[in-house]
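Visitor: This one is upload.cif, mmCIF, C-alpha atoms and all ligand atoms.
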data_query
loop_
_atom_site.label_atom_id
_atom_site.label_comp_id
_atom_site.auth_asym_id
_atom_site.auth_seq_id
_atom_site.Cartn_x
_atom_site.Cartn_y
_atom_site.Cartn_z
CA MET Q 1 17.14 -12.55 -59.55
CA ALA Q 2 16.92 -11.00 -56.07
CA PRO Q 3 15.21 -13.40 -53.65
CA HIS Q 4 11.64 -12.48 -52.78
CA LYS Q 5 8.21 -13.84 -51.96
CA ILE Q 6 4.63 -12.72 -52.59
CA ILE Q 7 2.51 -12.17 -49.52
CA CYS Q 8 -1.02 -10.95 -48.81
CA ARG Q 9 -0.97 -7.48 -47.27
CA GLU Q 10 -4.08 -8.25 -45.23
CA CYS Q 11 -3.78 -11.84 -43.93
CA GLY Q 12 -0.03 -12.33 -44.36
CA ARG Q 13 -0.40 -15.58 -46.31
CA THR Q 14 2.42 -16.48 -48.72
CA ILE Q 15 1.17 -16.81 -52.30
CA GLU Q 16 2.77 -19.35 -54.66
CA ASP Q 17 0.69 -18.62 -57.80
CA GLN Q 18 2.59 -15.82 -59.56
CA TYR Q 19 -0.37 -15.01 -61.81
CA LEU Q 20 -2.60 -13.69 -59.02
CA ASP Q 21 -3.15 -10.05 -58.12
CA THR Q 22 -5.27 -10.54 -54.99
CA CYS Q 23 -5.26 -13.07 -52.16
CA PRO Q 24 -7.34 -16.19 -52.98
CA SER Q 25 -8.44 -16.53 -49.35
CA CYS Q 26 -9.20 -12.99 -48.17
CA GLY Q 27 -9.16 -10.88 -51.36
CA GLY Q 28 -6.44 -8.58 -49.95
CA LEU Q 29 -3.82 -6.83 -52.09
CA LEU Q 30 -0.59 -8.71 -52.68
CA VAL Q 31 2.83 -7.25 -52.01
CA ILE Q 32 6.33 -8.45 -52.76
CA LYS Q 33 8.60 -8.99 -49.80
CA MET Q 34 12.19 -8.63 -50.96
CA ASP Q 35 15.02 -10.34 -49.15
CA LEU Q 36 17.23 -7.31 -48.56
CA GLU Q 37 19.98 -9.13 -46.62
CA PRO Q 38 22.54 -8.98 -49.49
CA LEU Q 39 22.06 -5.20 -49.72
CA LYS Q 40 22.94 -4.63 -46.08
CA ALA Q 41 26.62 -5.24 -46.86
CA MET Q 42 26.55 -2.81 -49.81
CA ARG Q 43 26.69 0.96 -50.25
CA PRO Q 44 24.72 2.95 -52.88
CA LYS Q 45 27.81 3.48 -55.03
CA ASP Q 46 28.26 -0.28 -55.35
CA LEU Q 47 25.32 -0.14 -57.79
CA HIS Q 48 26.88 2.61 -59.90
CA LYS Q 49 28.56 0.22 -62.34
CA VAL Q 50 25.15 0.12 -64.05
CA PRO Q 51 23.99 3.44 -65.60
CA ILE Q 52 21.23 5.29 -63.75
CA GLY Q 53 17.79 3.89 -64.62
CA VAL Q 54 15.41 1.24 -63.30
CA TRP Q 55 17.82 -1.68 -63.73
CA ARG Q 56 20.64 -0.09 -61.72
CA TYR Q 57 18.48 -1.13 -58.75
CA ALA Q 58 18.13 -4.79 -59.76
CA PRO Q 59 19.01 -6.05 -56.24
CA PHE Q 60 15.77 -4.38 -55.10
CA LEU Q 61 13.68 -5.92 -57.91
CA PRO Q 62 11.89 -9.29 -58.23
CA ALA Q 63 13.04 -9.76 -61.82
CA ASP Q 64 16.04 -11.14 -63.67
CA PRO Q 65 17.96 -8.27 -65.33
CA SER Q 66 19.41 -10.62 -67.92
CA ALA Q 67 15.88 -11.43 -69.19
CA LYS Q 68 14.43 -7.93 -68.93
CA VAL Q 69 12.01 -6.31 -71.37
CA SER Q 70 13.46 -2.82 -71.44
CA ILE Q 71 13.29 0.36 -73.52
CA GLN Q 72 15.82 2.14 -71.27
CA GLU Q 73 13.34 3.51 -68.75
CA GLY Q 74 14.21 5.73 -65.81
CA GLY Q 75 17.35 7.81 -65.48
CA THR Q 76 15.15 10.92 -65.73
CA PRO Q 77 16.44 14.41 -64.82
CA LEU Q 78 16.12 15.89 -61.34
CA TYR Q 79 15.97 19.62 -62.00
CA LYS Q 80 16.91 22.16 -59.35
CA CYS Q 81 14.17 24.75 -59.89
CA SER Q 82 15.32 28.02 -58.30
CA ALA Q 83 13.12 30.34 -60.35
CA LEU Q 84 10.00 28.29 -59.63
CA GLY Q 85 11.04 27.96 -55.99
CA ASN Q 86 11.38 31.77 -55.68
CA GLU Q 87 7.93 32.18 -57.17
CA ILE Q 88 6.17 29.80 -54.81
CA GLY Q 89 8.35 30.34 -51.75
CA ILE Q 90 10.45 27.20 -51.42
CA GLY Q 91 14.19 27.72 -51.00
CA ASP Q 92 15.33 24.31 -52.22
CA LEU Q 93 12.91 22.96 -54.80
CA HIS Q 94 13.56 20.12 -57.25
CA VAL Q 95 11.43 18.58 -59.97
CA LYS Q 96 11.86 14.93 -60.91
CA TYR Q 97 10.84 14.96 -64.56
CA GLU Q 98 9.20 11.65 -65.37
CA GLY Q 99 8.07 12.97 -68.74
CA ALA Q 100 11.55 12.00 -69.98
CA ASN Q 101 10.74 8.28 -69.84
CA PRO Q 102 10.47 6.32 -73.14
CA THR Q 103 6.68 6.69 -73.43
CA GLY Q 104 6.62 9.99 -71.56
CA SER Q 105 5.44 8.93 -68.10
CA PHE Q 106 6.58 7.21 -64.89
CA LYS Q 107 4.53 4.14 -65.85
CA ASP Q 108 7.49 2.78 -67.84
CA ARG Q 109 9.34 2.08 -64.59
CA GLY Q 110 6.67 -0.34 -63.44
CA MET Q 111 6.00 -1.72 -66.87
CA THR Q 112 9.57 -2.89 -67.55
CA VAL Q 113 9.36 -5.05 -64.42
CA GLY Q 114 5.71 -6.06 -64.92
CA VAL Q 115 6.11 -7.12 -68.55
CA SER Q 116 9.38 -8.90 -67.76
CA HIS Q 117 7.41 -10.89 -65.18
CA ALA Q 118 4.61 -11.56 -67.69
CA MET Q 119 7.25 -13.13 -69.98
CA GLU Q 120 8.70 -15.13 -67.12
CA ILE Q 121 5.35 -16.75 -66.30
CA GLY Q 122 4.53 -17.34 -69.96
CA ALA Q 123 1.61 -14.91 -70.31
CA LYS Q 124 0.39 -14.51 -73.89
CA ILE Q 125 -1.98 -11.55 -73.54
CA VAL Q 126 -1.53 -8.59 -71.22
CA GLY Q 127 -4.14 -5.98 -70.37
CA CYS Q 128 -4.99 -2.99 -68.24
CA ALA Q 129 -7.56 -0.33 -67.53
CA SER Q 130 -6.18 3.15 -67.83
CA THR Q 131 -6.73 6.87 -67.75
CA GLY Q 132 -4.17 6.83 -70.58
CA ASN Q 133 -0.56 6.58 -69.47
CA THR Q 134 -0.63 3.00 -68.24
CA SER Q 135 -2.14 1.93 -71.56
CA ALA Q 136 0.46 3.86 -73.58
CA SER Q 137 3.25 2.27 -71.58
CA LEU Q 138 1.84 -1.26 -71.59
CA ALA Q 139 1.21 -1.07 -75.34
CA ALA Q 140 4.87 -0.16 -75.94
CA TYR Q 141 6.33 -2.82 -73.65
CA ALA Q 142 3.97 -5.49 -75.01
CA ALA Q 143 5.14 -4.56 -78.51
CA LYS Q 144 8.76 -4.87 -77.42
CA ALA Q 145 8.05 -8.26 -75.82
CA GLY Q 146 5.94 -9.56 -78.72
CA LEU Q 147 2.85 -9.98 -76.52
CA LYS Q 148 -0.77 -9.27 -77.42
CA CYS Q 149 -2.20 -6.33 -75.54
CA ALA Q 150 -5.73 -5.11 -74.72
CA VAL Q 151 -6.34 -1.77 -73.03
CA PHE Q 152 -9.64 -0.55 -71.53
CA LEU Q 153 -10.12 3.21 -71.54
CA PRO Q 154 -12.90 5.45 -70.18
CA SER Q 155 -14.73 6.66 -73.27
CA GLY Q 156 -13.94 10.25 -74.29
CA LYS Q 157 -11.78 10.93 -71.23
CA VAL Q 158 -8.30 9.97 -72.39
CA ALA Q 159 -5.91 12.71 -73.54
CA ALA Q 160 -5.08 12.61 -77.26
CA GLY Q 161 -1.36 11.86 -76.92
CA LYS Q 162 -1.98 8.81 -74.74
CA LEU Q 163 -4.75 7.40 -76.93
CA ALA Q 164 -2.54 7.89 -79.98
CA GLN Q 165 0.29 5.96 -78.32
CA ALA Q 166 -1.86 2.94 -77.41
CA MET Q 167 -3.20 2.80 -80.99
CA PHE Q 168 0.23 3.33 -82.51
CA PHE Q 169 1.97 0.57 -80.55
CA GLY Q 170 -0.62 -1.91 -81.77
CA ALA Q 171 -2.77 -2.59 -78.70
CA THR Q 172 -6.43 -3.50 -79.06
CA VAL Q 173 -8.05 -0.36 -77.69
CA LEU Q 174 -11.44 -0.81 -76.01
CA SER Q 175 -13.52 2.21 -75.10
CA VAL Q 176 -15.62 1.66 -71.97
CA ASP Q 177 -18.88 3.47 -71.37
CA GLY Q 178 -17.99 4.57 -67.85
CA ASN Q 179 -15.07 5.94 -65.88
CA PHE Q 180 -11.68 4.37 -65.01
CA ASP Q 181 -13.11 2.54 -62.00
CA GLU Q 182 -15.62 0.77 -64.26
CA ALA Q 183 -12.93 -0.09 -66.83
CA LEU Q 184 -10.79 -1.59 -64.08
CA ARG Q 185 -13.72 -3.67 -62.80
CA ILE Q 186 -14.17 -5.21 -66.28
CA VAL Q 187 -10.51 -5.99 -66.89
CA ARG Q 188 -10.13 -7.49 -63.40
CA GLU Q 189 -12.95 -9.91 -64.19
CA LEU Q 190 -11.21 -11.01 -67.39
CA ALA Q 191 -7.94 -11.43 -65.49
CA LYS Q 192 -9.67 -13.48 -62.81
CA GLU Q 193 -10.83 -15.89 -65.52
CA ARG Q 194 -7.21 -15.87 -66.78
CA HIS Q 195 -8.03 -14.53 -70.24
CA LEU Q 196 -5.30 -11.95 -69.80
CA TYR Q 197 -2.49 -11.03 -67.40
CA LEU Q 198 -3.39 -7.83 -65.59
CA LEU Q 199 -0.78 -5.08 -65.50
CA ASN Q 200 -2.48 -2.36 -63.51
CA SER Q 201 -0.66 -1.27 -60.35
CA ILE Q 202 -2.72 -3.81 -58.39
CA ASN Q 203 -0.24 -6.27 -59.94
CA PRO Q 204 2.40 -6.63 -57.20
CA TYR Q 205 5.32 -6.56 -59.67
CA ARG Q 206 4.48 -3.14 -61.17
CA PRO Q 207 5.07 -1.06 -58.01
CA GLU Q 208 8.42 -2.79 -57.60
CA GLY Q 209 9.69 -1.04 -60.73
CA GLN Q 210 8.09 2.21 -59.64
CA LYS Q 211 10.22 2.17 -56.48
CA SER Q 212 13.14 3.17 -58.68
CA VAL Q 213 12.05 6.82 -58.88
CA LEU Q 214 12.88 7.14 -55.18
CA PHE Q 215 16.22 5.33 -55.53
CA GLU Q 216 17.16 7.70 -58.36
CA ILE Q 217 16.17 10.81 -56.39
CA MET Q 218 18.42 9.63 -53.55
CA ASP Q 219 21.32 8.97 -55.91
CA GLN Q 220 20.83 12.36 -57.60
CA LEU Q 221 20.82 14.13 -54.22
CA SER Q 222 23.90 12.14 -53.10
CA TYR Q 223 21.75 10.54 -50.39
CA GLU Q 224 20.83 13.83 -48.73
CA VAL Q 225 17.23 12.89 -47.86
CA PRO Q 226 14.73 15.59 -48.93
CA ASP Q 227 12.35 16.83 -46.24
CA ARG Q 228 9.36 16.24 -48.46
CA ILE Q 229 8.34 14.47 -51.66
CA ILE Q 230 5.15 15.67 -53.32
CA LEU Q 231 3.28 13.66 -55.95
CA PRO Q 232 -0.11 13.45 -57.62
CA VAL Q 233 -2.40 10.65 -56.46
CA GLY Q 234 -4.87 8.82 -58.69
CA ASN Q 235 -5.11 5.07 -58.23
CA ALA Q 236 -2.49 5.54 -55.48
CA GLY Q 237 0.01 2.98 -56.76
CA ASN Q 238 2.88 5.41 -57.15
CA ILE Q 239 2.84 6.97 -53.69
CA SER Q 240 2.64 3.44 -52.23
CA ALA Q 241 5.62 2.32 -54.33
CA VAL Q 242 7.68 5.33 -53.25
CA HIS Q 243 6.82 4.55 -49.63
CA LYS Q 244 7.92 0.95 -50.06
CA ALA Q 245 11.24 2.13 -51.49
CA ILE Q 246 11.76 4.43 -48.51
CA MET Q 247 11.06 1.61 -46.06
CA GLU Q 248 13.49 -0.67 -47.88
CA LEU Q 249 16.28 1.93 -47.78
CA GLU Q 250 15.60 2.42 -44.08
CA GLU Q 251 15.68 -1.33 -43.47
CA ILE Q 252 19.13 -1.70 -45.04
CA GLY Q 253 20.43 1.39 -43.25
CA TRP Q 254 21.06 3.56 -46.32
CA ILE Q 255 18.90 6.39 -44.92
CA SER Q 256 18.26 7.42 -41.33
CA LYS Q 257 15.35 9.81 -41.84
CA VAL Q 258 12.30 9.61 -44.10
CA PRO Q 259 10.85 12.27 -46.41
CA MET Q 260 7.29 13.40 -45.67
CA LEU Q 261 5.18 11.91 -48.44
CA THR Q 262 2.62 14.41 -49.61
CA GLY Q 263 -0.19 13.43 -51.97
CA ILE Q 264 -2.11 15.84 -54.17
CA GLN Q 265 -5.51 15.19 -55.73
CA ALA Q 266 -7.79 17.27 -57.92
CA GLU Q 267 -10.70 18.89 -56.10
CA GLY Q 268 -13.25 16.98 -58.19
CA SER Q 269 -11.63 13.64 -57.44
CA MET Q 270 -10.26 13.54 -53.92
CA PRO Q 271 -11.25 10.47 -51.86
CA ILE Q 272 -7.80 10.25 -50.24
CA VAL Q 273 -7.75 13.91 -49.27
CA ARG Q 274 -11.20 13.59 -47.68
CA ALA Q 275 -10.03 10.59 -45.65
CA PHE Q 276 -6.85 12.45 -44.61
CA ASN Q 277 -8.84 15.52 -43.57
CA SER Q 278 -10.97 13.39 -41.27
CA LYS Q 279 -7.93 11.39 -40.06
CA HIS Q 280 -9.31 8.07 -41.33
CA ASP Q 281 -7.15 5.21 -42.55
CA ASP Q 282 -9.72 4.14 -45.12
CA PHE Q 283 -11.58 6.22 -47.71
CA ILE Q 284 -15.07 6.47 -49.15
CA PRO Q 285 -15.10 6.01 -52.96
CA GLU Q 286 -16.43 8.87 -55.08
CA GLU Q 287 -19.08 8.09 -57.69
CA ASN Q 288 -18.46 10.76 -60.31
CA PRO Q 289 -14.88 12.01 -60.25
CA GLU Q 290 -14.22 14.94 -62.57
CA THR Q 291 -11.14 17.04 -63.32
CA ILE Q 292 -9.19 18.52 -66.21
CA ALA Q 293 -6.31 16.30 -64.98
CA THR Q 294 -7.87 13.20 -66.56
CA ALA Q 295 -4.91 11.01 -65.52
CA ILE Q 296 -6.04 11.24 -61.88
CA ARG Q 297 -9.79 11.21 -62.50
CA ILE Q 298 -10.29 8.20 -60.20
CA GLY Q 299 -12.93 7.83 -57.49
CA ASN Q 300 -12.05 4.41 -56.08
CA PRO Q 301 -8.24 4.12 -55.86
CA VAL Q 302 -7.16 0.49 -55.59
CA SER Q 303 -4.19 1.35 -53.37
CA GLY Q 304 -5.99 4.07 -51.43
CA ARG Q 305 -5.44 2.52 -48.01
CA LYS Q 306 -1.76 2.01 -48.77
CA ALA Q 307 -1.50 5.66 -49.77
CA LEU Q 308 -3.00 6.81 -46.50
CA LYS Q 309 -0.57 4.62 -44.58
CA ALA Q 310 2.32 6.09 -46.60
CA ILE Q 311 1.21 9.61 -45.70
CA TYR Q 312 0.60 8.92 -42.00
CA ASP Q 313 3.75 6.82 -41.48
CA THR Q 314 6.02 9.50 -42.94
CA GLY Q 315 4.30 12.44 -41.22
CA GLY Q 316 3.23 13.73 -44.63
CA HIS Q 317 0.12 15.47 -45.85
CA ALA Q 318 -2.64 15.37 -48.48
CA THR Q 319 -4.43 18.25 -50.10
CA SER Q 320 -6.53 19.05 -53.13
CA VAL Q 321 -6.09 21.64 -55.85
CA THR Q 322 -8.61 23.12 -58.28
CA ASP Q 323 -8.38 22.74 -62.06
CA GLU Q 324 -7.48 26.45 -62.25
CA GLU Q 325 -4.60 25.96 -59.81
CA ILE Q 326 -3.40 22.95 -61.82
CA ILE Q 327 -3.32 24.89 -65.09
CA ALA Q 328 -1.64 27.90 -63.43
CA ALA Q 329 1.07 25.60 -61.99
CA GLN Q 330 1.53 23.87 -65.37
CA LYS Q 331 2.18 27.26 -66.99
CA LEU Q 332 4.46 28.42 -64.17
CA LEU Q 333 6.68 25.36 -64.50
CA GLY Q 334 6.80 25.77 -68.27
CA ARG Q 335 7.53 29.47 -68.23
CA LYS Q 336 9.93 29.65 -65.29
CA GLU Q 337 11.87 26.44 -65.91
CA GLY Q 338 11.19 25.32 -69.50
CA VAL Q 339 9.74 22.06 -68.21
CA GLY Q 340 6.54 20.78 -69.84
CA VAL Q 341 4.28 18.47 -67.85
CA GLU Q 342 0.72 17.26 -68.24
CA PRO Q 343 -2.03 18.59 -65.93
CA ALA Q 344 -1.99 15.69 -63.43
CA SER Q 345 1.76 16.17 -62.99
CA ALA Q 346 1.34 19.89 -62.46
CA ALA Q 347 -0.91 19.02 -59.52
CA SER Q 348 2.21 18.32 -57.46
CA VAL Q 349 3.54 21.84 -58.12
CA ALA Q 350 0.11 23.37 -57.50
CA GLY Q 351 -0.04 21.42 -54.24
CA ALA Q 352 3.42 22.62 -53.21
CA LYS Q 353 2.37 26.23 -53.76
CA LYS Q 354 -0.85 25.77 -51.81
CA LEU Q 355 0.85 24.05 -48.88
CA VAL Q 356 3.38 26.90 -48.60
CA GLU Q 357 0.47 29.34 -48.48
CA MET Q 358 -1.25 27.20 -45.83
CA GLY Q 359 1.93 27.16 -43.73
CA VAL Q 360 2.27 23.36 -43.98
CA ILE Q 361 5.50 23.57 -45.96
CA ASP Q 362 8.30 25.52 -44.34
CA LYS Q 363 10.19 27.75 -46.79
CA LYS Q 364 13.48 26.16 -45.73
CA GLU Q 365 12.44 22.62 -46.63
CA LYS Q 366 14.22 20.63 -49.31
CA VAL Q 367 11.30 19.58 -51.53
CA VAL Q 368 11.06 17.25 -54.52
CA CYS Q 369 7.96 17.40 -56.72
CA ILE Q 370 7.53 14.31 -58.87
CA CYS Q 371 6.12 15.40 -62.21
CA THR Q 372 4.75 12.20 -63.63
CA GLY Q 373 4.03 12.84 -67.32
CA ASN Q 374 5.06 14.85 -70.37
CA ALA Q 375 3.18 17.97 -71.54
CA LEU Q 376 2.72 16.47 -75.02
CA LYS Q 377 0.46 13.79 -73.59
CA ASP Q 378 -2.40 16.28 -73.52
CA PRO Q 379 -2.00 18.86 -76.30
CA ASP Q 380 -5.73 19.74 -76.33
CA THR Q 381 -5.64 21.12 -72.79
CA ILE Q 382 -2.57 23.20 -73.60
CA ILE Q 383 -4.16 24.59 -76.75
CA SER Q 384 -7.40 25.48 -74.96
CA THR Q 385 -5.70 27.15 -71.98
CA ASN Q 386 -2.99 29.18 -73.74
CA GLN Q 387 -2.99 32.03 -76.22
CA SER Q 388 -3.90 30.93 -79.76
CA PRO Q 389 -1.47 31.55 -82.63
CA ILE Q 390 -1.80 35.09 -83.95
CA ARG Q 391 -2.87 35.35 -87.58
CA VAL Q 392 -0.67 37.67 -89.59
CA SER Q 393 -0.73 39.00 -93.14
CA LYS Q 394 2.42 39.02 -95.26
CA GLY Q 395 3.19 42.72 -94.65
CA LEU Q 396 5.95 43.31 -92.11
CA LEU Q 397 4.29 46.32 -90.50
CA GLY Q 398 1.55 44.31 -88.79
CA ILE Q 399 4.06 41.73 -87.59
CA LYS Q 400 6.35 44.43 -86.21
CA ASN Q 401 3.41 45.93 -84.33
CA ILE Q 402 2.60 42.60 -82.72
CA LEU Q 403 6.22 42.06 -81.73
CA GLY Q 404 6.56 45.63 -80.48
CA LEU Q 405 9.49 46.36 -82.84
N1 LIG Q 501 0.24 11.26 -62.91
C1 LIG Q 501 -0.01 10.75 -64.12
C2 LIG Q 501 0.49 11.47 -65.30
C3 LIG Q 501 -0.73 9.54 -64.23
O1 LIG Q 501 -0.95 9.02 -65.44
C4 LIG Q 501 -1.20 8.90 -63.07
C5 LIG Q 501 -1.97 7.66 -63.14
C6 LIG Q 501 -0.90 9.49 -61.84
C7 LIG Q 501 -0.19 10.67 -61.80
C8 LIG Q 501 -1.35 8.90 -60.55
O2 LIG Q 501 -0.60 7.78 -60.22
O3 LIG Q 501 -2.44 6.14 -60.08
O4 LIG Q 501 -0.19 5.63 -59.16
O5 LIG Q 501 -1.65 7.31 -58.07
N2 LIG Q 501 -2.37 7.14 -64.20
C9 LIG Q 501 -3.01 5.83 -64.31
C10 LIG Q 501 -3.16 5.44 -65.75
C11 LIG Q 501 -4.22 5.67 -63.49
O6 LIG Q 501 -4.05 4.64 -66.07
O7 LIG Q 501 -2.38 5.88 -66.58
P1 LIG Q 501 -1.25 6.63 -59.32
#
Step by step, read the file and then write its structure as structure tokens.
Ligand code: F0G
Guide:
Amino acid sequence: MAPHKIICRECGRTIEDQYLDTCPSCGGLLVIKMDLEPLKAMRPKDLHKVPIGVWRYAPFLPADPSAKVSIQEGGTPLYKCSALGNEIGIGDLHVKYEGANPTGSFKDRGMTVGVSHAMEIGAKIVGCASTGNTSASLAAYAAKAGLKCAVFLPSGKVAAGKLAQAMFFGATVLSVDGNFDEALRIVRELAKERHLYLLNSINPYRPEGQKSVLFEIMDQLSYEVPDRIILPVGNAGNISAVHKAIMELEEIGWISKVPMLTGIQAEGSMPIVRAFNSKHDDFIPEENPETIATAIRIGNPVSGRKALKAIYDTGGHATSVTDEEIIAAQKLLGRKEGVGVEPASAASVAGAKKLVEMGVIDKKEKVVCICTGNALKDPDTIISTNQSPIRVSKGLLGIKNILGL
């Protein structure tokens, strides 16, 4: 296992207890500090003996690859999207399609590392709060590991595909009368009393696995650093993980410039965007977040301050998009490129389009949009925002008329 230690992001204290998710003295978030010395003598291609996927990057991970709980996560396509790029005015546009992960979202990258760690420390029950994808992923990895799993979901606000997955993989599914922030508060209390091992992105091991999306993008672009990476922001774990990966590559000298990290939120749920607009490095939580992109319907993002740092440090940006813009971008990606993503993921494409219109993105930039989850996660939204099937009688004439034959 690559050498590492756990430290408190706020007070810098080293933490020995591997079960904790916050600092016992100051309550700050914990982060993993990897010892990257061995990597300084290596080149990216030295890792290519292992197929592309999360575990190719084992020297960057605080987990033992020979004891991993894996369902072959990562290794997702990076599509060059010329037709979409023409439409929204970006000359060199790519989409990293995280919907191709085993449970259909980027969460599997963090979960393979997080659940491997849960096994290492002897946890018996794992749990999380979730807007849906984290619970689907945790349920699958817990099943693979033979662990009990409890997931806490905001009542009535989880897309059908995600709910079905958590039920199907055998988790105990608890419906909370409140939003994601409330569900997270409850599960954190249970974790504090050590009734379960918490696998939300506040867990310092989870973001470590999520770093791999950045390592893959770099491999897939042959280490030509994109000008900008755009991604949706909810609880803000993913943008923080991508930032950490960038800093690690910079530290070992594998990259000499950094991509501008650009976070997109839904207009009804945008605490990070508000903070960015007023140039603050902390945010004010929102009480009643609301958006069709239920995955990012979060008012009090746990890693919000980290996200703001990621954006400021890389010279990036944050903006919001309306539900209408999200659905329009979802359709555009589907119809121009044949790529199906869920609404939250389409927020990155909607944000790209808006930032071109605002003049923030230069048309000549090399841009990667991370599209975090599969379209099939949320079939109800697709059915309610697209043309219904056309009823036909058995006679061919009517059918020919419809088809214009
Ligand atoms: N996109 C999708 C599809 C998501 O499911 C999430 C988060 C995000 C983007 C935002 O990522 O939270 O790291 O900023 N989903 C979490 C969940 C909250 O419970 O599944 P983030």
Visitor: What are the closest atom pairs, with distances in Å to one decimal, for each residue of chain Q lying within 9 Å of ligand LIG 501 (chain Q), using all atoms listed in the file, rows by chain and rising residue number, as CSV?
Guide:
residue,atom,partner,partner_atom,distance
Q:Glu98,CA,Q:LIG501,C2,8.7
Q:Gly99,CA,Q:LIG501,C2,8.5
Q:Gly104,CA,Q:LIG501,C2,8.9
Q:Ser105,CA,Q:LIG501,C2,6.2
Q:Phe106,CA,Q:LIG501,C2,7.4
Q:Lys107,CA,Q:LIG501,O7,7.2
Q:Cys128,CA,Q:LIG501,O6,8.0
Q:Ala129,CA,Q:LIG501,O6,6.3
Q:Ser130,CA,Q:LIG501,O6,3.1
Q:Thr131,CA,Q:LIG501,O6,3.9
Q:Gly132,CA,Q:LIG501,O7,4.5
Q:Asn133,CA,Q:LIG501,O7,3.5
Q:Thr134,CA,Q:LIG501,O7,3.8
Q:Ser135,CA,Q:LIG501,O7,6.4
Q:Ala136,CA,Q:LIG501,O7,7.8
Q:Ser137,CA,Q:LIG501,O7,8.4
Q:Leu153,CA,Q:LIG501,O6,8.3
Q:Lys162,CA,Q:LIG501,O7,8.7
Q:Phe180,CA,Q:LIG501,O6,7.7
Q:Asn200,CA,Q:LIG501,O6,7.6
Q:Ser201,CA,Q:LIG501,O4,7.0
Q:Pro207,CA,Q:LIG501,O4,8.6
Q:Gln210,CA,Q:LIG501,O4,9.0
Q:Leu231,CA,Q:LIG501,C7,7.4
Q:Pro232,CA,Q:LIG501,C7,5.0
Q:Val233,CA,Q:LIG501,O5,3.8
Q:Gly234,CA,Q:LIG501,O5,3.6
Q:Asn235,CA,Q:LIG501,O3,3.4
Q:Ala236,CA,Q:LIG501,O5,3.2
Q:Gly237,CA,Q:LIG501,O4,3.6
Q:Asn238,CA,Q:LIG501,O4,3.7
Q:Ile239,CA,Q:LIG501,O5,6.3
Q:Ser240,CA,Q:LIG501,O4,7.8
Q:Ala241,CA,Q:LIG501,O4,8.2
Q:Gly263,CA,Q:LIG501,O5,8.8
Q:Gln265,CA,Q:LIG501,C8,8.9
Q:Ala293,CA,Q:LIG501,C2,8.3
Q:Thr294,CA,Q:LIG501,O1,8.2
Q:Ala295,CA,Q:LIG501,O1,4.4
Q:Ile296,CA,Q:LIG501,C8,5.4
Q:Arg297,CA,Q:LIG501,C11,7.9
Q:Ile298,CA,Q:LIG501,C11,7.4
Q:Pro301,CA,Q:LIG501,O3,7.5
Q:Val302,CA,Q:LIG501,O3,8.6
Q:Ser303,CA,Q:LIG501,O5,8.0
Q:Gly304,CA,Q:LIG501,O5,8.6
Q:Ala307,CA,Q:LIG501,O5,8.5
Q:Val341,CA,Q:LIG501,C2,8.4
Q:Glu342,CA,Q:LIG501,C2,6.5
Q:Pro343,CA,Q:LIG501,C2,7.6
Q:Ala344,CA,Q:LIG501,N1,5.0
Q:Ser345,CA,Q:LIG501,N1,5.1
Q:Ala346,CA,Q:LIG501,N1,8.7
Q:Ala347,CA,Q:LIG501,N1,8.5
Q:Ile370,CA,Q:LIG501,N1,8.9
Q:Cys371,CA,Q:LIG501,N1,7.2
Q:Thr372,CA,Q:LIG501,C2,4.6
Q:Gly373,CA,Q:LIG501,C2,4.3
Q:Asn374,CA,Q:LIG501,C2,7.6
Q:Lys377,CA,Q:LIG501,C2,8.6
Visitor: Interatomic distance between atom CA of Ala318 of chain Q and atom CA of Ile272 of chain Q?
Guide: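 Between these atoms lies a distance of 7.5 Å.
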Visitor: Rank Q:Phe215, Q:Phe168, Q:Tyr312, Q:Phe152 by their smallest atom-to-atom distance to Thr76 of chain Q, using all atoms listed in the file, and report the top residue only.
Guide: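 Selected residue with least distance to Thr76 of chain Q: Q:Phe215.
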Visitor: Could you jot down the atom CA of Ser212 of chain Q to atom CA of Ala275 of chain Q separation for me, Å, one decimal place?
Guide: 27.6 Å
Visitor: Between Q:Leu332, Q:Val356, Q:Ile246, Q:Gly315, which one has atoms that come closest to Phe276 of chain Q, using all atoms listed in the file?
Guide: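 Selected residue with least distance to Phe276 of chain Q: Q:Gly315.
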Visitor: When you count all atoms listed in the file, which of these residues is closest to Leu190 of chain Q: Q:Ile125, Q:Val213, Q:Asn86, Q:Lys144?
Guide: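 Smallest distance to Leu190 of chain Q is found for Q:Ile125.
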Visitor: Under the rule that all atoms listed in the file are counted, which of Q:Ile361, Q:Ala166, Q:Val187, Q:Leu405 is the nearest residue to Ile90 of chain Q?
Guide: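 Going through Q:Ile361, Q:Ala166, Q:Val187, Q:Leu405 one by one, the smallest distance to Ile90 of chain Q is for Q:Ile361.
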Visitor: Please determine the residues with any atom at most 6 Å from (9.8, 6.8, -54.8) (coordinates as given in the file, with all atoms listed in the file counting) and report them as a PyMOL selection string.
Guide: chain Q and resi 211+213-214+242+245
Visitor: Quick one, how far is atom CA of His4 of chain Q from atom CA of Pro51 of chain Q?
Guide: 23.9 Å
